[in-house]
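Colleague: As input, take protein_11.txt (compact mmCIF, C-alpha atoms and all ligand atoms):
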```txt
# COMPACT_ATOMS: atom_id res chain seq x y z
CA MET A 1466 -30.49 -10.63 5.03
CA LYS A 1467 -27.83 -7.95 4.95
CA ASN A 1468 -27.10 -6.35 8.30
CA PHE A 1469 -29.39 -8.74 10.03
CA MET A 1470 -26.99 -10.59 12.33
CA PRO A 1471 -28.26 -9.91 15.80
CA ARG A 1472 -25.89 -7.13 16.64
CA LEU A 1473 -27.91 -6.39 19.71
CA LEU A 1474 -27.22 -9.70 21.38
CA LEU A 1475 -23.49 -9.52 21.17
CA PRO A 1476 -23.15 -6.47 23.39
CA ILE A 1477 -25.44 -8.24 25.86
CA LEU A 1478 -22.89 -10.98 26.01
CA GLY A 1479 -20.16 -8.43 26.48
CA VAL A 1480 -18.48 -8.89 23.11
CA ALA A 1481 -17.35 -5.91 21.12
CA LEU A 1482 -17.92 -6.35 17.43
CA TYR A 1483 -14.93 -5.79 15.27
CA ALA A 1484 -15.35 -3.00 12.77
CA ALA A 1485 -14.34 -5.19 9.84
CA THR A 1486 -17.39 -7.44 10.07
CA ASP A 1487 -18.65 -8.47 6.64
CA PHE A 1488 -22.38 -8.44 7.24
CA ASN A 1489 -23.16 -10.05 3.90
CA ALA A 1490 -21.04 -13.05 4.74
CA GLU A 1491 -22.51 -13.21 8.25
CA GLY A 1492 -26.02 -13.03 6.84
CA ASN A 1493 -25.31 -15.80 4.35
CA ARG A 1494 -23.94 -18.05 7.06
CA TRP A 1495 -27.01 -17.41 9.20
CA TRP A 1496 -29.27 -18.12 6.24
CA SER A 1497 -27.48 -21.40 5.44
CA HIS A 1498 -28.66 -22.90 8.75
CA ILE A 1499 -32.23 -21.94 7.93
CA GLN A 1500 -31.90 -23.45 4.48
CA TYR A 1501 -30.80 -26.71 6.06
CA LEU A 1502 -33.38 -26.79 8.86
CA ALA A 1503 -36.40 -25.56 6.92
CA ASN A 1504 -35.80 -27.42 3.68
CA ASP A 1505 -38.76 -29.50 2.45
CA ASP A 1506 -36.71 -32.66 3.23
CA MET A 1507 -36.96 -31.77 6.91
CA LYS A 1508 -40.75 -32.05 6.70
CA GLY A 1509 -41.42 -29.34 9.27
CA ARG A 1510 -39.34 -30.89 12.09
CA ASN A 1511 -42.26 -32.30 14.03
CA THR A 1512 -41.51 -33.30 17.63
CA GLY A 1513 -40.49 -36.96 17.73
CA SER A 1514 -39.98 -37.26 13.96
CA SER A 1515 -36.80 -38.61 12.38
CA GLU A 1516 -36.36 -35.20 10.73
CA HIS A 1517 -36.38 -33.49 14.12
CA LEU A 1518 -33.71 -35.93 15.26
CA LYS A 1519 -31.69 -35.11 12.14
CA ALA A 1520 -32.05 -31.41 12.97
CA ALA A 1521 -30.97 -32.09 16.56
CA ARG A 1522 -27.84 -33.87 15.29
CA TYR A 1523 -27.10 -30.90 13.05
CA VAL A 1524 -27.33 -28.54 16.04
CA ALA A 1525 -25.12 -30.82 18.16
CA GLY A 1526 -22.56 -30.90 15.33
CA GLU A 1527 -22.53 -27.11 15.13
CA PHE A 1528 -22.23 -26.83 18.92
CA GLU A 1529 -19.24 -29.15 18.81
CA ARG A 1530 -17.64 -27.16 16.01
CA SER A 1531 -18.11 -24.03 18.12
CA GLY A 1532 -16.23 -25.66 20.98
CA LEU A 1533 -19.23 -25.85 23.30
CA LYS A 1534 -19.10 -28.47 26.05
CA PRO A 1535 -21.89 -31.05 25.93
CA ALA A 1536 -24.50 -29.96 28.48
CA GLY A 1537 -27.22 -32.54 27.99
CA THR A 1538 -27.72 -35.79 29.88
CA SER A 1539 -26.44 -37.85 26.96
CA GLY A 1540 -23.75 -35.78 25.27
CA TYR A 1541 -25.45 -32.70 23.88
CA PHE A 1542 -28.86 -34.38 24.03
CA GLN A 1543 -31.46 -34.32 26.75
CA PRO A 1544 -34.06 -36.88 25.60
CA VAL A 1545 -37.67 -36.12 26.55
CA LYS A 1546 -40.58 -38.59 26.43
CA PHE A 1547 -44.04 -37.60 25.26
CA ASP A 1548 -47.53 -39.08 25.17
CA VAL A 1549 -49.19 -38.43 21.82
CA LYS A 1550 -52.91 -38.11 21.14
CA GLN A 1551 -54.68 -37.68 17.85
CA ILE A 1552 -58.39 -37.31 17.32
CA VAL A 1553 -60.42 -39.82 15.36
CA GLU A 1554 -62.98 -37.23 14.40
CA ASP A 1555 -65.45 -39.40 12.53
CA GLN A 1556 -65.87 -41.44 15.70
CA SER A 1557 -66.15 -38.37 17.93
CA SER A 1558 -69.11 -36.07 18.46
CA LEU A 1559 -70.25 -32.95 20.24
CA ALA A 1560 -73.85 -31.91 20.90
CA LEU A 1561 -75.97 -29.50 22.92
CA VAL A 1562 -79.05 -30.74 24.77
CA ARG A 1563 -81.77 -28.23 25.62
CA SER A 1564 -85.12 -29.20 27.15
CA GLY A 1565 -84.51 -32.80 26.15
CA LYS A 1566 -83.77 -31.90 22.51
CA LYS A 1567 -80.37 -32.79 21.14
CA GLN A 1568 -78.63 -30.56 18.61
CA ALA A 1569 -75.52 -32.07 17.02
CA LEU A 1570 -72.64 -29.67 16.39
CA VAL A 1571 -70.34 -29.90 13.38
CA LEU A 1572 -66.76 -30.50 14.50
CA GLY A 1573 -64.45 -28.14 12.67
CA ASP A 1574 -67.25 -25.67 11.89
CA ASP A 1575 -69.06 -25.01 15.17
CA ALA A 1576 -66.26 -26.04 17.47
CA THR A 1577 -63.20 -28.25 17.77
CA LEU A 1578 -62.18 -30.68 20.48
CA SER A 1579 -58.82 -29.84 22.04
CA LEU A 1580 -56.76 -32.76 23.24
CA ARG A 1581 -54.64 -31.16 25.93
CA GLY A 1582 -55.84 -32.52 29.25
CA ASP A 1583 -56.97 -35.74 30.85
CA ILE A 1584 -59.54 -36.16 28.06
CA GLN A 1585 -62.23 -38.80 28.73
CA ASP A 1586 -64.22 -40.84 26.20
CA SER A 1587 -67.53 -39.32 27.12
CA THR A 1588 -68.67 -36.34 29.13
CA GLU A 1589 -72.09 -34.88 29.77
CA ALA A 1590 -72.35 -31.76 31.88
CA GLY A 1591 -74.12 -28.46 32.37
CA ALA A 1592 -72.27 -25.32 31.39
CA VAL A 1593 -71.80 -21.84 32.82
CA PHE A 1594 -70.48 -18.74 31.06
CA ILE A 1595 -68.00 -17.16 33.46
CA GLY A 1596 -66.90 -14.01 31.60
CA TYR A 1597 -63.13 -14.12 31.15
CA GLY A 1598 -62.94 -17.01 33.61
CA LEU A 1599 -60.05 -15.34 35.41
CA GLN A 1600 -58.84 -15.37 38.97
CA VAL A 1601 -56.10 -12.81 39.61
CA PRO A 1602 -55.38 -12.52 43.33
CA GLU A 1603 -52.87 -9.66 42.84
CA LYS A 1604 -55.69 -7.52 41.45
CA LYS A 1605 -58.46 -9.01 43.64
CA TYR A 1606 -60.20 -10.00 40.42
CA ASP A 1607 -62.38 -13.12 40.51
CA ASP A 1608 -64.75 -14.28 37.77
CA LEU A 1609 -65.56 -17.39 39.78
CA ALA A 1610 -66.84 -15.65 42.91
CA GLY A 1611 -70.29 -16.79 44.04
CA LEU A 1612 -70.73 -19.31 41.21
CA ASP A 1613 -71.52 -22.99 41.65
CA LEU A 1614 -69.23 -24.66 39.12
CA LYS A 1615 -69.17 -28.14 40.57
CA GLY A 1616 -69.33 -30.72 37.77
CA LYS A 1617 -69.74 -27.97 35.17
CA ILE A 1618 -68.12 -26.95 31.94
CA ALA A 1619 -66.68 -23.47 32.21
CA VAL A 1620 -67.30 -21.40 29.07
CA TYR A 1621 -65.26 -18.21 28.81
CA LEU A 1622 -64.02 -15.54 26.47
CA ALA A 1623 -60.22 -15.39 26.18
CA GLY A 1624 -58.70 -12.10 27.30
CA GLY A 1625 -59.39 -9.95 30.31
CA PRO A 1626 -60.13 -6.44 31.53
CA SER A 1627 -57.63 -3.66 30.79
CA SER A 1628 -57.19 -3.07 34.54
CA ILE A 1629 -54.94 -6.15 34.72
CA PRO A 1630 -51.44 -5.63 33.25
CA GLY A 1631 -50.70 -7.72 30.14
CA PRO A 1632 -48.07 -10.16 31.48
CA LEU A 1633 -50.10 -10.88 34.65
CA LYS A 1634 -53.23 -11.42 32.59
CA ALA A 1635 -51.34 -13.70 30.23
CA HIS A 1636 -49.92 -15.72 33.15
CA TYR A 1637 -53.36 -16.40 34.63
CA GLN A 1638 -54.64 -17.42 31.21
CA SER A 1639 -51.93 -20.04 30.75
CA ALA A 1640 -53.34 -23.55 30.57
CA GLY A 1641 -51.75 -24.70 33.83
CA GLU A 1642 -52.65 -21.68 35.96
CA ARG A 1643 -56.19 -21.48 34.61
CA TRP A 1644 -56.88 -25.14 35.21
CA LYS A 1645 -55.51 -24.93 38.76
CA TYR A 1646 -58.25 -22.61 39.96
CA LEU A 1647 -61.03 -23.97 37.72
CA LYS A 1648 -60.31 -27.47 39.00
CA ALA A 1649 -60.38 -26.22 42.59
CA ALA A 1650 -63.87 -24.83 41.87
CA GLY A 1651 -65.03 -28.28 40.73
CA VAL A 1652 -65.04 -27.63 36.97
CA VAL A 1653 -64.74 -30.76 34.78
CA GLY A 1654 -64.30 -29.23 31.33
CA ILE A 1655 -63.59 -25.96 29.55
CA ALA A 1656 -64.88 -24.25 26.43
CA THR A 1657 -62.88 -21.32 25.09
CA ILE A 1658 -64.10 -18.57 22.80
CA GLN A 1659 -61.37 -16.45 21.21
CA ASN A 1660 -62.11 -12.79 20.65
CA PRO A 1661 -61.88 -12.44 16.83
CA LYS A 1662 -60.02 -9.16 17.40
CA SER A 1663 -57.05 -10.94 18.93
CA MET A 1664 -57.01 -14.14 16.87
CA ASP A 1665 -53.66 -14.59 15.10
CA ILE A 1666 -55.20 -16.69 12.35
CA PRO A 1667 -58.84 -16.91 11.27
CA TRP A 1668 -61.04 -19.86 12.24
CA SER A 1669 -60.93 -21.17 8.67
CA ARG A 1670 -57.23 -21.82 9.09
CA ALA A 1671 -57.10 -22.58 12.82
CA ARG A 1672 -59.61 -25.42 12.31
CA LEU A 1673 -57.08 -27.29 10.17
CA ALA A 1674 -54.78 -27.77 13.14
CA ARG A 1675 -57.21 -30.05 14.94
CA PHE A 1676 -55.89 -33.15 13.18
CA MET A 1677 -52.32 -32.50 14.30
CA PRO A 1678 -51.09 -34.81 17.06
CA ALA A 1679 -51.29 -33.26 20.52
CA MET A 1680 -48.57 -34.07 23.03
CA SER A 1681 -47.99 -33.98 26.74
CA LEU A 1682 -44.93 -34.74 28.84
CA ALA A 1683 -44.88 -38.40 29.84
CA ASP A 1684 -43.49 -37.39 33.26
CA PRO A 1685 -46.70 -37.41 35.35
CA SER A 1686 -45.27 -34.91 37.85
CA LEU A 1687 -45.32 -32.31 35.06
CA ASP A 1688 -48.93 -32.89 34.07
CA GLU A 1689 -50.87 -29.74 34.92
CA THR A 1690 -54.22 -30.73 33.49
CA GLN A 1691 -55.19 -33.71 35.65
CA GLY A 1692 -58.96 -33.91 35.87
CA LEU A 1693 -59.66 -31.89 32.73
CA ARG A 1694 -62.12 -34.27 31.04
CA LEU A 1695 -63.13 -32.17 28.09
CA SER A 1696 -61.72 -29.14 26.29
CA ILE A 1697 -63.66 -27.38 23.55
CA THR A 1698 -62.74 -24.43 21.35
CA ILE A 1699 -65.84 -22.64 20.08
CA ASN A 1700 -65.95 -20.87 16.73
CA PRO A 1701 -66.85 -17.29 17.77
CA GLU A 1702 -69.08 -16.95 14.71
CA ARG A 1703 -71.15 -19.94 15.86
CA ALA A 1704 -71.06 -19.26 19.60
CA ASP A 1705 -74.75 -18.25 19.70
CA LYS A 1706 -75.62 -21.93 19.40
CA PHE A 1707 -74.22 -22.32 22.92
CA PHE A 1708 -75.99 -19.18 24.19
CA ALA A 1709 -79.45 -20.05 22.78
CA GLY A 1710 -82.18 -19.64 25.39
CA THR A 1711 -80.10 -17.49 27.76
CA GLY A 1712 -81.05 -14.06 26.41
CA HIS A 1713 -77.37 -13.38 25.76
CA THR A 1714 -75.53 -13.26 22.43
CA ILE A 1715 -71.89 -13.39 21.41
CA SER A 1716 -72.10 -9.97 19.76
CA GLU A 1717 -73.29 -8.43 23.05
CA ILE A 1718 -70.47 -10.16 24.93
CA LEU A 1719 -67.84 -9.08 22.39
CA ALA A 1720 -69.18 -5.51 22.46
CA ASP A 1721 -68.81 -5.50 26.27
CA ALA A 1722 -65.29 -6.90 25.96
CA ASP A 1723 -64.24 -4.41 23.30
CA GLY A 1724 -65.73 -1.58 25.38
CA ASP A 1725 -63.86 -2.88 28.45
CA LYS A 1726 -67.13 -3.35 30.36
CA PRO A 1727 -67.67 -6.19 32.85
CA LEU A 1728 -68.89 -9.37 31.16
CA PRO A 1729 -72.06 -11.15 32.28
CA HIS A 1730 -71.98 -14.48 34.08
CA PHE A 1731 -74.84 -16.91 33.50
CA ALA A 1732 -75.75 -20.58 33.24
CA LEU A 1733 -76.28 -21.93 29.72
CA ALA A 1734 -79.72 -23.31 28.86
CA SER A 1735 -78.07 -26.31 27.19
CA SER A 1736 -75.90 -29.05 28.55
CA VAL A 1737 -72.94 -30.38 26.59
CA VAL A 1738 -72.55 -34.00 25.46
CA ALA A 1739 -69.23 -35.12 24.02
CA HIS A 1740 -67.69 -38.35 22.79
CA VAL A 1741 -63.99 -38.23 22.07
CA GLN A 1742 -62.20 -41.06 20.30
CA LEU A 1743 -58.42 -40.83 20.54
CA LYS A 1744 -55.52 -42.61 18.93
CA LYS A 1745 -52.63 -42.77 21.39
CA SER A 1746 -48.90 -43.36 21.00
CA GLU A 1747 -45.55 -42.32 22.50
CA VAL A 1748 -42.48 -40.57 21.13
CA GLU A 1749 -39.12 -39.33 22.32
CA SER A 1750 -37.54 -36.08 21.19
CA GLN A 1751 -34.42 -34.14 22.14
CA ASN A 1752 -33.47 -30.89 23.74
CA VAL A 1753 -29.92 -30.03 22.67
CA ALA A 1754 -27.62 -28.18 25.08
CA GLY A 1755 -24.05 -26.93 24.84
CA MET A 1756 -22.06 -24.75 27.24
CA LEU A 1757 -19.45 -22.06 26.88
CA PRO A 1758 -17.85 -22.01 30.35
CA GLY A 1759 -17.30 -18.61 31.90
CA SER A 1760 -13.84 -17.30 32.75
CA ASP A 1761 -14.48 -15.59 36.08
CA PRO A 1762 -13.70 -17.98 38.98
CA LYS A 1763 -16.93 -17.05 40.77
CA LEU A 1764 -19.29 -15.87 38.04
CA LYS A 1765 -18.66 -18.88 35.83
CA ASN A 1766 -21.01 -20.74 38.16
CA GLU A 1767 -23.81 -18.47 36.98
CA TYR A 1768 -25.54 -19.45 33.76
CA VAL A 1769 -27.13 -17.34 31.08
CA VAL A 1770 -29.34 -19.68 29.07
CA MET A 1771 -30.07 -18.84 25.47
CA THR A 1772 -33.00 -20.74 23.96
CA ALA A 1773 -34.75 -21.24 20.63
CA HIS A 1774 -37.10 -24.04 19.65
CA LEU A 1775 -36.00 -26.54 17.04
CA ASP A 1776 -39.38 -28.16 16.42
CA HIS A 1777 -42.10 -26.92 14.13
CA VAL A 1778 -45.48 -28.54 13.40
CA GLY A 1779 -44.53 -31.02 10.67
CA VAL A 1780 -46.81 -31.95 7.80
CA GLY A 1781 -50.52 -31.19 7.86
CA GLU A 1782 -53.56 -30.07 5.93
CA PRO A 1783 -52.36 -28.30 2.75
CA ILE A 1784 -52.45 -24.52 2.64
CA ASN A 1785 -52.45 -23.29 -0.97
CA GLY A 1786 -51.50 -26.82 -2.01
CA ASP A 1787 -48.47 -27.04 0.28
CA SER A 1788 -48.70 -29.53 3.13
CA ILE A 1789 -45.19 -29.00 4.58
CA TYR A 1790 -45.12 -26.46 7.37
CA ASN A 1791 -41.43 -25.58 7.03
CA GLY A 1792 -40.98 -23.36 10.08
CA ALA A 1793 -38.27 -21.17 8.58
CA MET A 1794 -39.02 -18.13 10.67
CA ASP A 1795 -40.68 -20.19 13.39
CA ASP A 1796 -38.12 -20.93 14.64
CA ALA A 1797 -35.24 -21.94 12.40
CA SER A 1798 -34.41 -18.20 12.49
CA GLY A 1799 -33.88 -18.34 16.26
CA VAL A 1800 -31.88 -21.57 16.09
CA ALA A 1801 -29.68 -20.14 13.33
CA SER A 1802 -29.01 -17.11 15.52
CA ILE A 1803 -27.98 -19.29 18.46
CA LEU A 1804 -25.64 -21.27 16.24
CA GLU A 1805 -24.08 -18.13 14.81
CA ILE A 1806 -23.70 -16.45 18.21
CA SER A 1807 -21.90 -19.51 19.59
CA ARG A 1808 -19.69 -19.67 16.49
CA MET A 1809 -18.77 -16.00 16.66
CA LEU A 1810 -17.96 -16.23 20.36
CA HIS A 1811 -15.73 -19.19 19.60
CA GLU A 1812 -13.93 -17.63 16.65
CA SER A 1813 -13.38 -14.34 18.45
CA ASN A 1814 -11.99 -16.17 21.48
CA ALA A 1815 -14.40 -14.25 23.65
CA ARG A 1816 -13.82 -14.56 27.39
CA LEU A 1817 -17.15 -14.14 29.09
CA LYS A 1818 -17.40 -13.97 32.86
CA ARG A 1819 -20.53 -16.07 33.14
CA SER A 1820 -21.19 -19.42 31.51
CA ILE A 1821 -23.55 -19.40 28.56
CA VAL A 1822 -25.75 -22.43 27.95
CA PHE A 1823 -27.20 -22.64 24.46
CA VAL A 1824 -30.31 -24.81 24.32
CA THR A 1825 -32.51 -25.69 21.39
CA VAL A 1826 -35.70 -27.08 22.86
CA THR A 1827 -38.23 -29.47 21.39
CA ALA A 1828 -42.05 -29.49 21.49
CA GLU A 1829 -42.55 -25.75 21.76
CA GLU A 1830 -45.41 -26.05 19.31
CA LYS A 1831 -47.04 -28.69 21.52
CA GLY A 1832 -47.34 -26.29 24.44
CA LEU A 1833 -43.78 -25.25 25.43
CA LEU A 1834 -43.07 -28.80 26.59
CA GLY A 1835 -39.34 -29.17 25.89
CA SER A 1836 -38.51 -25.99 27.79
CA ARG A 1837 -40.88 -27.02 30.58
CA TYR A 1838 -38.94 -30.25 30.88
CA PHE A 1839 -35.57 -28.48 30.79
CA ALA A 1840 -36.67 -25.91 33.38
CA ALA A 1841 -38.00 -28.72 35.62
CA HIS A 1842 -34.98 -30.98 35.05
CA PRO A 1843 -32.16 -28.61 34.20
CA THR A 1844 -28.88 -30.21 33.21
CA ILE A 1845 -27.11 -27.43 35.10
CA ASN A 1846 -27.72 -26.16 38.62
CA GLU A 1847 -31.11 -24.53 38.40
CA LYS A 1848 -30.44 -22.06 41.20
CA ASN A 1849 -27.59 -20.61 39.18
CA ILE A 1850 -29.61 -19.82 36.07
CA VAL A 1851 -29.59 -16.03 36.17
CA ALA A 1852 -31.24 -15.31 32.82
CA ASP A 1853 -32.91 -16.84 29.82
CA ILE A 1854 -32.75 -15.06 26.50
CA ASN A 1855 -35.23 -16.70 24.15
CA LEU A 1856 -35.45 -16.06 20.43
CA ASP A 1857 -38.62 -17.01 18.64
CA MET A 1858 -39.68 -15.99 15.19
CA PHE A 1859 -38.28 -12.57 14.75
CA LEU A 1860 -39.00 -11.13 11.36
CA PRO A 1861 -35.85 -10.40 9.37
CA LEU A 1862 -37.59 -8.18 6.85
CA HIS A 1863 -35.27 -5.20 7.17
CA SER A 1864 -32.18 -4.24 9.14
CA LEU A 1865 -32.52 -4.26 12.89
CA HIS A 1866 -33.91 -0.94 14.15
CA TYR A 1867 -36.00 -2.01 17.07
CA ILE A 1868 -36.54 -5.03 19.23
CA GLU A 1869 -39.61 -5.99 21.18
CA VAL A 1870 -38.81 -7.41 24.59
CA GLN A 1871 -41.39 -9.50 26.40
CA GLY A 1872 -41.40 -8.83 30.12
CA LEU A 1873 -39.35 -5.66 29.73
CA ALA A 1874 -40.98 -4.01 32.75
CA GLU A 1875 -41.12 -7.23 34.79
CA SER A 1876 -37.52 -8.38 34.43
CA THR A 1877 -34.55 -7.11 36.40
CA LEU A 1878 -32.71 -7.26 33.07
CA GLY A 1879 -34.86 -4.48 31.64
CA ASP A 1880 -32.22 -1.81 32.25
CA GLU A 1881 -29.40 -4.01 30.93
CA ILE A 1882 -31.14 -4.64 27.66
CA ARG A 1883 -31.91 -0.96 27.24
CA ALA A 1884 -28.24 -0.15 27.76
CA ALA A 1885 -27.06 -2.86 25.36
CA ALA A 1886 -29.58 -1.84 22.73
CA SER A 1887 -28.79 1.84 22.93
CA GLU A 1888 -25.10 1.02 22.43
CA ALA A 1889 -26.11 -0.80 19.23
CA GLY A 1890 -28.43 1.98 18.10
CA VAL A 1891 -31.48 -0.23 18.47
CA GLU A 1892 -34.72 0.93 20.00
CA VAL A 1893 -36.27 -1.24 22.69
CA GLN A 1894 -40.01 -1.45 22.86
CA ALA A 1895 -42.40 -3.16 25.22
CA ASP A 1896 -45.16 -5.48 24.03
CA LYS A 1897 -47.56 -3.39 21.94
CA GLU A 1898 -50.20 -6.11 21.66
CA PRO A 1899 -50.60 -7.53 25.17
CA GLN A 1900 -53.94 -9.12 24.18
CA ARG A 1901 -52.00 -11.67 22.10
CA ASN A 1902 -50.44 -13.13 25.29
CA LEU A 1903 -47.00 -13.35 23.72
CA PHE A 1904 -45.50 -13.15 27.20
CA ILE A 1905 -46.56 -16.76 27.83
CA ARG A 1906 -46.42 -18.04 24.27
CA SER A 1907 -42.83 -19.05 23.90
CA ASP A 1908 -40.19 -20.86 25.93
CA GLN A 1909 -39.15 -17.91 28.08
CA TYR A 1910 -42.33 -18.47 30.07
CA ASN A 1911 -41.07 -21.71 31.63
CA PHE A 1912 -37.95 -19.93 32.86
CA ILE A 1913 -40.09 -17.08 34.21
CA ARG A 1914 -42.16 -19.62 36.13
ZN ZN H 2001 -42.14 -20.30 17.74
```
The structure given in the file should be rewritten as structure tokens.
Ligand SMILES: [Zn+2]
Modeller:
Amino acid sequence: MKNFMPRLLLPILGVALYAATDFNAEGNRWWSHIQYLANDDMKGRNTGSSEHLKAARYVAGEFERSGLKPAGTSGYFQPVKFDVKQIVEDQSSLALVRSGKKQALVLGDDATLSLRGDIQDSTEAGAVFIGYGLQVPEKKYDDLAGLDLKGKIAVYLAGGPSSIPGPLKAHYQSAGERWKYLKAAGVVGIATIQNPKSMDIPWSRARLARFMPAMSLADPSLDETQGLRLSITINPERADKFFAGTGHTISEILADADGDKPLPHFALASSVVAHVQLKKSEVESQNVAGMLPGSDPKLKNEYVVMTAHLDHVGVGEPINGDSIYNGAMDDASGVASILEISRMLHESNARLKRSIVFVTVTAEEKGLLGSRYFAAHPTINEKNIVADINLDMFLPLHSLHYIEVQGLAESTLGDEIRAAASEAGVEVQADKEPQRNLFIRSDQYNFIR
């Protein structure tokens, strides 16, 4: 952990580091937060759990010790309400019907049922493969053009052509944006196939997550998936079951995708029949916010928000015999950094021109929900938020030589971060794996929106 303290971020905040810094001591202090937050006792800090609440109290206590002003709606806390859904899989089913013959699919092996959406008990509908299923007006790209999708299930391959820049492509693949135009076309359900080349974890492990509770914001005005009756994730290795009778195969489609050729669009020969049994409940969980007021009479009304997510995914199916998903790197590392940055600013008596609002958000793992709520209901004047710096799961495996910045070319802060990094001797690099959609996969995305 030596030399790991985020030296880069301090120049961004306009603080000169004193030469006498003991990096070992700083590293140990940073690590102590992670030890607390990611300990087995904290059971993976699932959104709405008592352990997450305990973690939120720890953060609030550290904020207070660092002299931050409470910036929640209830002290440091901004409570957020969630609807929770869990699948009862042995009472749920998925099948394909072709020429009157029904073929049952094995949930977990052939496909899984996703719970994000306005999921209905039963759905029966025809299906159409629509390539990447993208509509990108900026690039005049439209996979939906000329197709009759009314009442249909849209089947698509995640990703997109290389002609669309990564962040734009990621934006139009986000759940909310995608559903907006599919819904307008009359689609009732979606079925996603991941390209194995860009899957973060293999199907054998991804399938375990299907028993985890899914959540959505209870605030109906923030529900972006109204009308989405059914959401399926297809195992790419079994996708040919869906394509049977069409003359198309998944290997042909993947070869086209990998060769950056246009994908075919065609109706499936089978219709899809699904029964989904859900167990529903409600929980509340907390965003935690503290403010360091700025010192400039005018600029103090501008806010730089610094975010990291406090939740992880809790306890689940065991992996190598361990059922606690501790979330040390994801994202206790980011939270620890926020706590240490606020402490160092406090102890050095830093006078920053702008106000800094430190926020640990909840429910990132449930679909960036805590930050969505904060961005929709900010506890500070939204118009005056000039930047969000989000830290999620950086890998402290060696001293800091380079930093990857999502949205580097899109943000007006691109030049500032280059300047700050070069001062710290750190190389800035843009996203090298745009196909992983990291641009939309953590809390910064809600501030971008
Ligand atoms: Zn994360």
Colleague: Write out, as JSON lines, each residue of segment 1719-1826 of chain A that has an atom at most 12 Å from segment 1687-1702 of chain A, together with the closest pair of atoms and their distance in Å to one decimal, counting all atoms listed in the file, rows going by chain and rising number.
Modeller:
```
{"residue": "A:Leu1719", "atom": "CA", "partner": "A:Pro1701", "partner_atom": "CA", "distance": 9.5}
{"residue": "A:Val1737", "atom": "CA", "partner": "A:Leu1695", "partner_atom": "CA", "distance": 10.1}
{"residue": "A:Val1738", "atom": "CA", "partner": "A:Leu1695", "partner_atom": "CA", "distance": 9.9}
{"residue": "A:Ala1739", "atom": "CA", "partner": "A:Leu1695", "partner_atom": "CA", "distance": 7.9}
{"residue": "A:His1740", "atom": "CA", "partner": "A:Leu1695", "partner_atom": "CA", "distance": 9.3}
{"residue": "A:Val1741", "atom": "CA", "partner": "A:Leu1695", "partner_atom": "CA", "distance": 8.6}
{"residue": "A:Gln1742", "atom": "CA", "partner": "A:Leu1695", "partner_atom": "CA", "distance": 11.9}
```
Colleague: Between A:Leu1622, A:Leu1518, A:Val1553, A:Ala1797, single out the one closest to Ala1720 of chain A, counting only C-alpha atoms.
Modeller: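 For Ala1720 of chain A, the nearest of the given residues is A:Leu1622.
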Colleague: What are the nearest atom pairs, with distances in Å to one decimal, for all residues of segment 1500-1540 of chain A that come at most 12 Å from segment 1670-1682 of chain A, using all atoms listed in the file, set out by chain and rising residue number as CSV?
Modeller:
```
residue,atom,partner,partner_atom,distance
A:Asn1511,CA,A:Pro1678,CA,9.7
A:Thr1512,CA,A:Met1680,CA,8.9
A:Gly1513,CA,A:Met1680,CA,10.1
A:Ser1514,CA,A:Pro1678,CA,11.8
```
Colleague: Tell me, as a PyMOL selection string, which residues lie within 6 Å of Val1545 of chain A, counting only C-alpha atoms; anything in the same chain fewer than 2 positions away does not count.
Modeller: chain A and resi 1749-1751
Colleague: Show me which residues line ligand ZN 2001 (chain H), defined as having an atom within 6 Å of a ligand atom where only C-alpha atoms and all ligand atoms count, and present them as a PyMOL selection string.
Modeller: chain A and resi 1795-1796+1857-1858
Colleague: Please determine, counting only C-alpha atoms, which residue among A:Leu1743, A:Ala1490, A:Ala1623, A:Ile1595 has the shortest atom-to-atom distance to Ser1557 of chain A.
Modeller: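 When distances to Ser1557 of chain A are compared using only C-alpha atoms, the smallest one comes from A:Leu1743.
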Colleague: Find the smallest box with edges along x, y and z containing every listed atom of segment 1853-1867 of chain A, then add 8 Å on each side and report centre and edge lengths in Å to one decimal, as lines of an AutoDock Vina configuration file.
Modeller:
```
center_x = -35.9
center_y = -9.0
center_z = 18.3
size_x = 23.5
size_y = 32.1
size_z = 39.0
```
Colleague: Measuring between only C-alpha atoms, which one of A:Ala1560, A:Leu1533, A:Ala1852, A:Ala1683 shows the shortest distance to Ser1746 of chain A?
Modeller: A:Ala1683
Colleague: Dig up all the protein and nucleic acid residues within 8 Å of (-20.8, -12.9, 11.6) in the file frame, using all atoms listed in the file, and format them as a PyMOL selection string.
Modeller: chain A and resi 1470+1486-1488+1490-1492+1494+1805+1809
Colleague: Find, counting only C-alpha atoms, the residue in A:Gln1900, A:Leu1878, A:Gly1759, A:Val1778 that gets nearest to Gly1625 of chain A.
Modeller: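 The closest residue to Gly1625 of chain A is A:Gln1900.
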